file upload-v9.csv (CSV, C-alpha atoms and all ligand atoms)
chain,number,residue,atom,x,y,z
Q,408,MET,CA,-152.9,-44.0,-155.7
Q,409,LEU,CA,-152.7,-47.3,-153.8
Q,410,THR,CA,-154.2,-50.1,-155.9
Q,411,LEU,CA,-155.6,-53.5,-155.1
Q,412,GLY,CA,-154.6,-56.6,-156.9
Q,413,VAL,CA,-157.2,-59.4,-156.2
Q,414,ASN,CA,-155.6,-62.8,-156.0
Q,415,ILE,CA,-158.3,-65.3,-157.2
Q,416,ASP,CA,-156.3,-68.5,-156.7
Q,417,HIS,CA,-158.7,-69.8,-154.1
Q,418,VAL,CA,-161.7,-69.7,-156.5
Q,419,ALA,CA,-159.7,-72.3,-158.5
Q,420,THR,CA,-158.9,-74.1,-155.3
Q,421,VAL,CA,-162.6,-74.8,-154.8
Q,422,ARG,CA,-163.0,-75.9,-158.4
Q,423,GLN,CA,-160.0,-78.3,-158.1
Q,424,ALA,CA,-161.5,-79.8,-155.0
Q,425,ARG,CA,-163.8,-81.6,-157.3
Q,426,ARG,CA,-161.8,-81.3,-160.5
Q,427,THR,CA,-164.8,-79.8,-162.2
Q,428,ILE,CA,-165.6,-76.6,-164.1
Q,429,GLU,CA,-167.0,-74.5,-161.3
Q,430,PRO,CA,-166.5,-72.0,-159.8
Q,431,ASP,CA,-164.7,-70.5,-162.8
Q,432,PRO,CA,-161.9,-68.1,-161.8
Q,433,ILE,CA,-162.4,-66.2,-165.0
Q,434,ALA,CA,-165.9,-65.2,-163.9
Q,435,ALA,CA,-164.5,-64.3,-160.5
Q,436,ALA,CA,-162.0,-62.0,-162.2
Q,437,VAL,CA,-164.7,-60.2,-164.1
Q,438,LEU,CA,-166.7,-59.7,-160.9
Q,439,ALA,CA,-163.7,-58.6,-159.0
Q,440,GLU,CA,-163.0,-55.9,-161.6
Q,441,LEU,CA,-166.7,-54.8,-161.4
Q,442,GLY,CA,-166.2,-54.5,-157.6
Q,443,GLY,CA,-163.2,-52.1,-158.2
Q,444,ALA,CA,-160.1,-54.4,-158.4
Q,445,ASN,CA,-157.3,-52.5,-160.0
Q,446,GLY,CA,-155.6,-55.8,-161.0
Q,447,ILE,CA,-156.0,-59.5,-161.0
Q,448,THR,CA,-153.3,-61.8,-159.6
Q,449,ALA,CA,-153.1,-65.6,-160.2
Q,450,HIS,CA,-150.3,-68.0,-159.2
Q,451,LEU,CA,-149.6,-70.8,-161.6
Q,452,ARG,CA,-148.0,-73.4,-159.3
Q,453,GLU,CA,-145.7,-76.1,-160.6
Q,454,ASP,CA,-148.1,-78.7,-159.2
Q,455,ARG,CA,-151.2,-76.9,-160.7
Q,456,ARG,CA,-153.0,-77.3,-157.4
Q,457,HIS,CA,-155.3,-74.4,-158.1
Q,458,MET,CA,-154.8,-72.3,-161.3
Q,459,GLN,CA,-154.5,-74.2,-164.5
Q,460,ASP,CA,-152.7,-73.2,-167.8
Q,461,ARG,CA,-156.1,-72.6,-169.4
Q,462,ASP,CA,-157.0,-70.1,-166.6
Q,463,ILE,CA,-153.9,-68.0,-167.2
Q,464,ARG,CA,-154.6,-67.9,-171.0
Q,465,LEU,CA,-158.2,-67.0,-170.5
Q,466,LEU,CA,-157.4,-64.4,-167.9
Q,467,ARG,CA,-155.0,-62.8,-170.3
Q,468,GLU,CA,-157.8,-62.4,-172.8
Q,469,THR,CA,-160.4,-61.3,-170.2
Q,470,VAL,CA,-158.8,-59.1,-167.6
Q,471,ARG,CA,-159.3,-55.5,-168.4
Q,472,THR,CA,-157.2,-54.0,-165.6
Q,473,HIS,CA,-153.8,-55.7,-165.3
Q,474,LEU,CA,-152.8,-59.3,-164.9
Q,475,ASN,CA,-150.1,-60.2,-162.4
Q,476,LEU,CA,-148.8,-63.7,-162.9
Q,477,GLU,CA,-147.2,-65.1,-159.8
Q,478,MET,CA,-144.8,-67.9,-160.5
Q,479,ALA,CA,-141.6,-69.7,-159.5
Q,480,ALA,CA,-138.4,-68.7,-161.4
Q,481,THR,CA,-138.3,-72.0,-163.4
Q,482,GLU,CA,-137.7,-72.6,-167.1
Q,483,GLU,CA,-141.2,-73.9,-167.5
Q,484,MET,CA,-142.8,-70.8,-166.0
Q,485,VAL,CA,-140.6,-68.4,-167.8
Q,486,ALA,CA,-141.6,-70.0,-171.1
Q,487,ILE,CA,-145.3,-69.7,-170.1
Q,488,ALA,CA,-144.9,-66.0,-169.1
Q,489,LEU,CA,-143.1,-65.1,-172.3
Q,490,ASP,CA,-145.9,-66.8,-174.3
Q,491,VAL,CA,-148.9,-65.4,-172.3
Q,492,LYS,CA,-147.4,-61.9,-171.6
Q,493,PRO,CA,-149.0,-60.9,-168.3
Q,494,ASP,CA,-148.8,-57.2,-167.4
Q,495,TYR,CA,-146.2,-58.1,-164.8
Q,496,VAL,CA,-144.7,-61.2,-163.2
Q,497,THR,CA,-144.2,-61.7,-159.5
Q,498,LEU,CA,-141.5,-64.2,-158.7
Q,499,VAL,CA,-142.1,-66.3,-155.6
Q,500,PRO,CA,-140.4,-69.2,-153.9
Q,501,GLU,CA,-142.3,-72.4,-154.2
Q,502,LYS,CA,-142.2,-75.6,-152.2
Q,503,ARG,CA,-144.5,-78.5,-153.1
Q,504,GLU,CA,-145.4,-79.3,-149.5
Q,505,GLU,CA,-146.3,-75.8,-148.4
Q,506,VAL,CA,-149.9,-74.7,-147.9
Q,507,THR,CA,-149.2,-71.3,-149.2
Q,508,THR,CA,-146.1,-69.2,-150.1
Q,509,GLU,CA,-144.2,-69.3,-146.8
Q,510,GLY,CA,-141.3,-66.9,-146.9
Q,511,GLY,CA,-139.7,-64.4,-149.3
Q,512,LEU,CA,-137.3,-65.2,-152.1
Q,513,ASP,CA,-133.6,-65.5,-151.2
Q,514,ILE,CA,-132.4,-63.1,-153.9
Q,515,ALA,CA,-129.0,-62.6,-152.4
Q,516,GLY,CA,-128.5,-66.4,-152.4
Q,517,SER,CA,-129.4,-66.9,-156.1
Q,518,LEU,CA,-128.5,-63.6,-157.6
Q,519,GLU,CA,-127.1,-64.8,-160.9
Q,520,LYS,CA,-130.1,-67.0,-161.7
Q,521,LEU,CA,-132.6,-64.4,-160.7
Q,522,LYS,CA,-130.8,-61.7,-162.7
Q,523,ASN,CA,-131.0,-63.9,-165.7
Q,524,VAL,CA,-134.8,-64.6,-165.3
Q,525,VAL,CA,-135.5,-60.9,-164.6
Q,526,ASP,CA,-133.6,-59.9,-167.7
Q,527,ARG,CA,-135.3,-62.3,-170.0
Q,528,LEU,CA,-138.8,-61.3,-168.8
Q,529,GLN,CA,-138.1,-57.5,-168.7
Q,530,SER,CA,-136.5,-57.7,-172.2
Q,531,ALA,CA,-139.8,-59.0,-173.4
Q,532,ASN,CA,-141.5,-55.9,-171.7
Q,533,ILE,CA,-142.8,-57.9,-168.8
Q,534,PRO,CA,-141.9,-56.0,-165.6
Q,535,VAL,CA,-140.8,-58.2,-162.7
Q,536,SER,CA,-141.6,-58.0,-159.1
Q,537,LEU,CA,-139.7,-60.0,-156.5
Q,538,PHE,CA,-141.5,-61.3,-153.4
Q,539,ILE,CA,-139.2,-60.7,-150.5
Q,540,ASP,CA,-139.1,-60.2,-146.8
Q,541,ALA,CA,-138.4,-56.6,-145.6
Q,542,ASP,CA,-134.7,-57.3,-145.2
Q,543,GLU,CA,-132.0,-54.9,-146.0
Q,544,ALA,CA,-129.8,-57.4,-147.9
Q,545,GLN,CA,-132.7,-58.8,-149.9
Q,546,ILE,CA,-133.8,-55.4,-150.9
Q,547,LYS,CA,-130.4,-54.4,-152.0
Q,548,ALA,CA,-130.0,-57.7,-154.0
Q,549,SER,CA,-133.4,-57.1,-155.6
Q,550,ALA,CA,-132.2,-53.7,-156.8
Q,551,ASP,CA,-129.1,-55.5,-158.2
Q,552,THR,CA,-131.3,-57.7,-160.4
Q,553,GLN,CA,-132.7,-54.6,-162.1
Q,554,ALA,CA,-136.3,-55.8,-161.3
Q,555,LYS,CA,-138.8,-53.0,-161.4
Q,556,PHE,CA,-140.7,-53.9,-158.3
Q,557,ILE,CA,-140.5,-55.8,-155.0
Q,558,GLU,CA,-143.5,-57.2,-153.1
Q,559,LEU,CA,-142.9,-57.0,-149.4
Q,560,HIS,CA,-144.0,-60.1,-147.6
Q,561,THR,CA,-146.6,-59.0,-145.0
Q,562,GLY,CA,-147.0,-62.5,-143.4
Q,563,LYS,CA,-145.0,-61.8,-140.3
Q,564,TYR,CA,-147.0,-58.6,-139.7
Q,565,ALA,CA,-150.3,-60.4,-140.3
Q,566,ASP,CA,-149.5,-63.3,-138.1
Q,567,ALA,CA,-148.0,-61.3,-135.2
Q,568,PRO,CA,-149.5,-62.7,-132.0
Q,569,LYS,CA,-149.2,-59.4,-130.1
Q,570,SER,CA,-149.7,-55.8,-131.0
Q,571,GLU,CA,-146.1,-54.8,-130.0
Q,572,ILE,CA,-144.7,-57.5,-132.4
Q,573,ARG,CA,-147.2,-56.3,-135.1
Q,574,GLN,CA,-146.0,-52.8,-134.6
Q,575,LYS,CA,-142.3,-53.9,-135.0
Q,576,GLU,CA,-143.1,-55.7,-138.2
Q,577,LEU,CA,-145.0,-52.7,-139.5
Q,578,GLU,CA,-141.9,-50.6,-138.8
Q,579,SER,CA,-139.7,-53.1,-140.7
Q,580,LEU,CA,-142.1,-52.8,-143.7
Q,581,LYS,CA,-141.9,-49.0,-143.5
Q,582,LEU,CA,-138.1,-49.1,-143.4
Q,583,GLY,CA,-138.1,-51.7,-146.2
Q,584,CYS,CA,-140.4,-49.5,-148.3
Q,585,GLU,CA,-138.1,-46.4,-147.8
Q,586,GLN,CA,-134.9,-48.4,-148.6
Q,587,ALA,CA,-136.5,-49.8,-151.8
Q,588,LEU,CA,-137.8,-46.5,-153.0
Q,589,SER,CA,-134.4,-44.9,-152.4
Q,590,LEU,CA,-132.8,-47.7,-154.6
Q,591,GLY,CA,-135.3,-46.9,-157.4
Q,592,LEU,CA,-137.6,-49.9,-156.8
Q,593,ARG,CA,-141.3,-49.7,-156.9
Q,594,VAL,CA,-143.0,-51.3,-153.9
Q,595,ASN,CA,-146.0,-53.7,-153.6
Q,596,ALA,CA,-147.0,-55.8,-150.6
Q,597,GLY,CA,-149.1,-58.8,-149.7
Q,598,HIS,CA,-149.7,-62.0,-147.9
Q,599,GLY,CA,-152.1,-62.5,-145.0
Q,600,LEU,CA,-153.7,-59.1,-145.2
Q,601,THR,CA,-157.3,-58.9,-144.0
Q,602,TYR,CA,-160.1,-56.4,-143.7
Q,603,ILE,CA,-158.9,-55.8,-140.1
Q,604,ASN,CA,-155.2,-55.5,-140.6
Q,605,VAL,CA,-154.8,-53.9,-144.0
Q,606,TYR,CA,-155.1,-50.2,-143.1
Q,607,PRO,CA,-151.7,-49.6,-141.5
Q,608,VAL,CA,-150.0,-51.3,-144.5
Q,609,ALA,CA,-152.1,-49.3,-146.9
Q,610,CYS,CA,-150.9,-46.1,-145.2
Q,611,LEU,CA,-147.2,-46.8,-145.8
Q,612,PRO,CA,-145.7,-44.0,-147.8
Q,613,GLY,CA,-144.8,-45.0,-151.4
Q,614,MET,CA,-146.8,-48.3,-151.3
Q,615,GLU,CA,-148.2,-48.9,-154.8
Q,616,GLU,CA,-150.2,-52.1,-154.8
Q,617,LEU,CA,-151.5,-54.6,-152.3
Q,618,ASN,CA,-152.1,-58.2,-153.4
Q,619,ILE,CA,-154.8,-59.8,-151.4
Q,620,GLY,CA,-156.5,-63.1,-151.9
Q,621,HIS,CA,-157.6,-65.4,-149.1
Q,622,THR,CA,-159.6,-62.9,-147.1
Q,623,ILE,CA,-161.4,-61.6,-150.2
Q,624,VAL,CA,-162.3,-65.0,-151.6
Q,625,SER,CA,-163.5,-66.1,-148.1
Q,626,ARG,CA,-165.8,-63.1,-147.8
Q,627,ALA,CA,-166.9,-63.5,-151.4
Q,628,VAL,CA,-168.2,-67.0,-150.6
Q,629,LEU,CA,-170.6,-65.3,-148.2
Q,630,VAL,CA,-171.4,-61.9,-149.7
Q,631,GLY,CA,-170.4,-62.2,-153.4
Q,632,MET,CA,-167.2,-61.1,-155.1
Q,633,GLU,CA,-168.2,-57.6,-156.1
Q,634,ARG,CA,-169.2,-56.7,-152.6
Q,635,ALA,CA,-166.1,-58.3,-151.0
Q,636,VAL,CA,-163.8,-56.3,-153.3
Q,637,ARG,CA,-165.7,-53.1,-152.7
Q,638,GLU,CA,-165.4,-53.6,-149.0
Q,639,MET,CA,-161.7,-54.2,-149.2
Q,640,LYS,CA,-161.2,-51.0,-151.2
Q,641,LEU,CA,-163.0,-49.3,-148.3
Q,642,ALA,CA,-160.8,-51.1,-145.7
Q,643,MET,CA,-157.7,-49.9,-147.5
Q,644,ARG,CA,-159.0,-46.3,-147.0
Q,645,GLY,CA,-159.8,-46.9,-143.4
Q,646,GLU,CA,-163.5,-46.6,-144.1
Q,647,PHE,CA,-164.7,-50.1,-143.3
V,701,LIG,N1,-148.6,-62.1,-152.6
V,701,LIG,C1,-147.9,-63.2,-152.9
V,701,LIG,C2,-146.6,-63.2,-153.5
V,701,LIG,C3,-148.5,-64.5,-152.6
V,701,LIG,O1,-147.9,-65.6,-152.8
V,701,LIG,C4,-149.8,-64.5,-152.0
V,701,LIG,C5,-150.5,-65.8,-151.7
V,701,LIG,O2,-150.7,-66.5,-152.9
V,701,LIG,C6,-150.5,-63.3,-151.8
V,701,LIG,C7,-149.8,-62.1,-152.1
V,701,LIG,C8,-151.9,-63.2,-151.2
V,701,LIG,O3,-151.9,-63.7,-149.9
V,701,LIG,P1,-153.3,-63.9,-149.2
V,701,LIG,O4,-154.0,-65.0,-150.0
V,701,LIG,O5,-152.9,-64.4,-147.8
V,701,LIG,O6,-154.0,-62.6,-149.3

call {"tool": "encode", "arguments": {"input": "upload-v9.csv", "output": "structure tokens", "more": "lines below"}}
Ligand code: PXP
result
Amino acid sequence: MLTLGVNIDHVATVRQARRTIEPDPIAAAVLAELGGANGITAHLREDRRHMQDRDIRLLRETVRTHLNLEMAATEEMVAIALDVKPDYVTLVPEKREEVTTEGGLDIAGSLEKLKNVVDRLQSANIPVSLFIDADEAQIKASADTQAKFIELHTGKYADAPKSEIRQKELESLKLGCEQALSLGLRVNAGHGLTYINVYPVACLPGMEELNIGHTIVSRAVLVGMERAVREMKLAMRGEF
């Protein structure tokens, strides 16, 4: 069954706009689960622009589905993950000046470092997912790290200006999914997915989990978190 991981970072973004205590991402996680989220995703960035350390600790205690901690492969973050023990970790590239995660990880370009990080996390029973573009060499290198999962970057698909380009990007995602499965990797996907564009990605054979944030939090501001998540679950089944 295809599952939905709800990324609640932008609830914390609103809170940090005033450096206050509301809205609380922990409450958002509870409501997302009531709306049918299969997992909760939070990205603890090096600059702490949205999620705070306190959020990750409280999410660990509160989340009843599974907690996916998104983070950069740094010593600081590895130490936090080993302490908090999320249900899985997604390693992402991080640049301070970016608005959101821009591209996939270059696994092939830093194989030894990533192998080491994957090994330390997975030895502590924290499965690792690597956020990568649907690129043959990156998928192969991901398998070489022994990571359990990859998360295919759907940004190029989501941002495609024309339907032919979107179709081409969807085909790359499909091929990436097939290659990854044949190498024994499990496959998630995310970035830029919306109520409108999610269904074709949801239909890709072997896809396990979609991680979706911005569009759900945006809708939640207007209709509430439970309804926004319920509607995304419908969109993933082509029923919205
Ligand atoms: N997956 C990863 C690895 C991400 O970095 C993000 C953005 O934080 C998402 C999924 C969710 O993207 P969006 O907010 O565009 O749905």

call {"tool": "closest_residue", "arguments": {"input": "upload-v9.csv", "among": "Q:Pro430, Q:Gly591, Q:Gly599, Q:Pro568", "to": "ligand LIG 701 (chain V)", "atoms": "all atoms listed in the file"}}
result
Q:Gly599

call {"tool": "residues_near_point", "arguments": {"input": "upload-v9.csv", "point": "(-147.1, -78.7, -161.1)", "cutoff": "12 Å", "atoms": "all atoms listed in the file", "output": "PyMOL selection string"}}
result
chain Q and resi 450-460+478-479+481+483-484+501-504

call {"tool": "atom_distance", "arguments": {"input": "upload-v9.csv", "atom1": "atom N1 of ligand LIG 701 (chain V)", "atom2": "atom CA of Ala449 of chain Q"}}
result
9.5 Å

call {"tool": "closest_residue", "arguments": {"input": "upload-v9.csv", "among": "Q:Val524, Q:Ile447, Q:Leu590, Q:Ala439", "to": "ligand LIG 701 (chain V)", "atoms": "only C-alpha atoms and all ligand atoms"}}
result
Q:Ile447

call {"tool": "closest_residue", "arguments": {"input": "upload-v9.csv", "among": "Q:Val636, Q:Ala554, Q:Leu498, Q:Met614", "to": "Leu582 of chain Q", "atoms": "all atoms listed in the file"}}
result
Q:Met614

call {"tool": "residues_near_ligand", "arguments": {"input": "upload-v9.csv", "ligand": "ligand LIG 701 (chain V)", "cutoff": "7 Å", "atoms": "all atoms listed in the file", "output": "ChimeraX atom specification"}}
result
/Q:414,450,477,497,499,507-508,538,558,596-600,618-622

call {"tool": "atom_distance", "arguments": {"input": "upload-v9.csv", "atom1": "atom CA of Ala515 of chain Q", "atom2": "atom CA of Glu571 of chain Q"}}
result
29.2 Å

call {"tool": "residues_around", "arguments": {"input": "upload-v9.csv", "residues": "segment 559-565 of chain Q", "least_positions_apart": "2", "cutoff": "9 Å", "atoms": "all atoms listed in the file", "output": "ChimeraX atom specification"}}
result
/Q:509-511,537-541,557,567-568,572-577,580,583-584,594-601,604-605,608

call {"tool": "atom_distance", "arguments": {"input": "upload-v9.csv", "atom1": "atom CA of Ser625 of chain Q", "atom2": "atom CA of Leu409 of chain Q"}}
result
22.4 Å

call {"tool": "residues_around", "arguments": {"input": "upload-v9.csv", "residues": "segment 494-496 of chain Q", "least_positions_apart": "3", "cutoff": "10 Å", "atoms": "all atoms listed in the file", "output": "MDAnalysis selection string"}}
result
chainID Q and resid 446:450 467 472:480 485 488 491 499 525 528:529 532:537 555:556

call {"tool": "residues_near_point", "arguments": {"input": "upload-v9.csv", "point": "(-156.3, -48.3, -151.9)", "cutoff": "9 Å", "atoms": "only C-alpha atoms", "output": "PyMOL selection string"}}
result
chain Q and resi 408-411+609-610+615-617+639-644

call {"tool": "write_last_selection", "arguments": {"input": "upload-v9.csv", "atoms": "C-alpha atoms", "output": "PDB file, in the frame of the given file"}}
result
ATOM      1  CA  MET Q 408    -152.900 -44.000-155.700  1.00  0.00           C
ATOM      2  CA  LEU Q 409    -152.700 -47.300-153.800  1.00  0.00           C
ATOM      3  CA  THR Q 410    -154.200 -50.100-155.900  1.00  0.00           C
ATOM      4  CA  LEU Q 411    -155.600 -53.500-155.100  1.00  0.00           C
ATOM      5  CA  ALA Q 609    -152.100 -49.300-146.900  1.00  0.00           C
ATOM      6  CA  CYS Q 610    -150.900 -46.100-145.200  1.00  0.00           C
ATOM      7  CA  GLU Q 615    -148.200 -48.900-154.800  1.00  0.00           C
ATOM      8  CA  GLU Q 616    -150.200 -52.100-154.800  1.00  0.00           C
ATOM      9  CA  LEU Q 617    -151.500 -54.600-152.300  1.00  0.00           C
ATOM     10  CA  MET Q 639    -161.700 -54.200-149.200  1.00  0.00           C
ATOM     11  CA  LYS Q 640    -161.200 -51.000-151.200  1.00  0.00           C
ATOM     12  CA  LEU Q 641    -163.000 -49.300-148.300  1.00  0.00           C
ATOM     13  CA  ALA Q 642    -160.800 -51.100-145.700  1.00  0.00           C
ATOM     14  CA  MET Q 643    -157.700 -49.900-147.500  1.00  0.00           C
ATOM     15  CA  ARG Q 644    -159.000 -46.300-147.000  1.00  0.00           C
TER      16      ARG Q 644
END

call {"tool": "residues_around", "arguments": {"input": "upload-v9.csv", "residues": "Val418 of chain Q", "least_positions_apart": "6", "cutoff": "8 Å", "atoms": "only C-alpha atoms", "output": "ChimeraX atom specification"}}
result
/Q:430-432,435,624

call {"tool": "closest_residue", "arguments": {"input": "upload-v9.csv", "among": "Q:Ser517, Q:Ser579, Q:Ser589, Q:Gln553", "to": "Ser530 of chain Q", "atoms": "all atoms listed in the file"}}
result
Q:Gln553

call {"tool": "closest_residue", "arguments": {"input": "upload-v9.csv", "among": "Q:Leu588, Q:Pro500, Q:Arg637, Q:Asp551", "to": "Asn523 of chain Q", "atoms": "all atoms listed in the file"}}
result
Q:Asp551
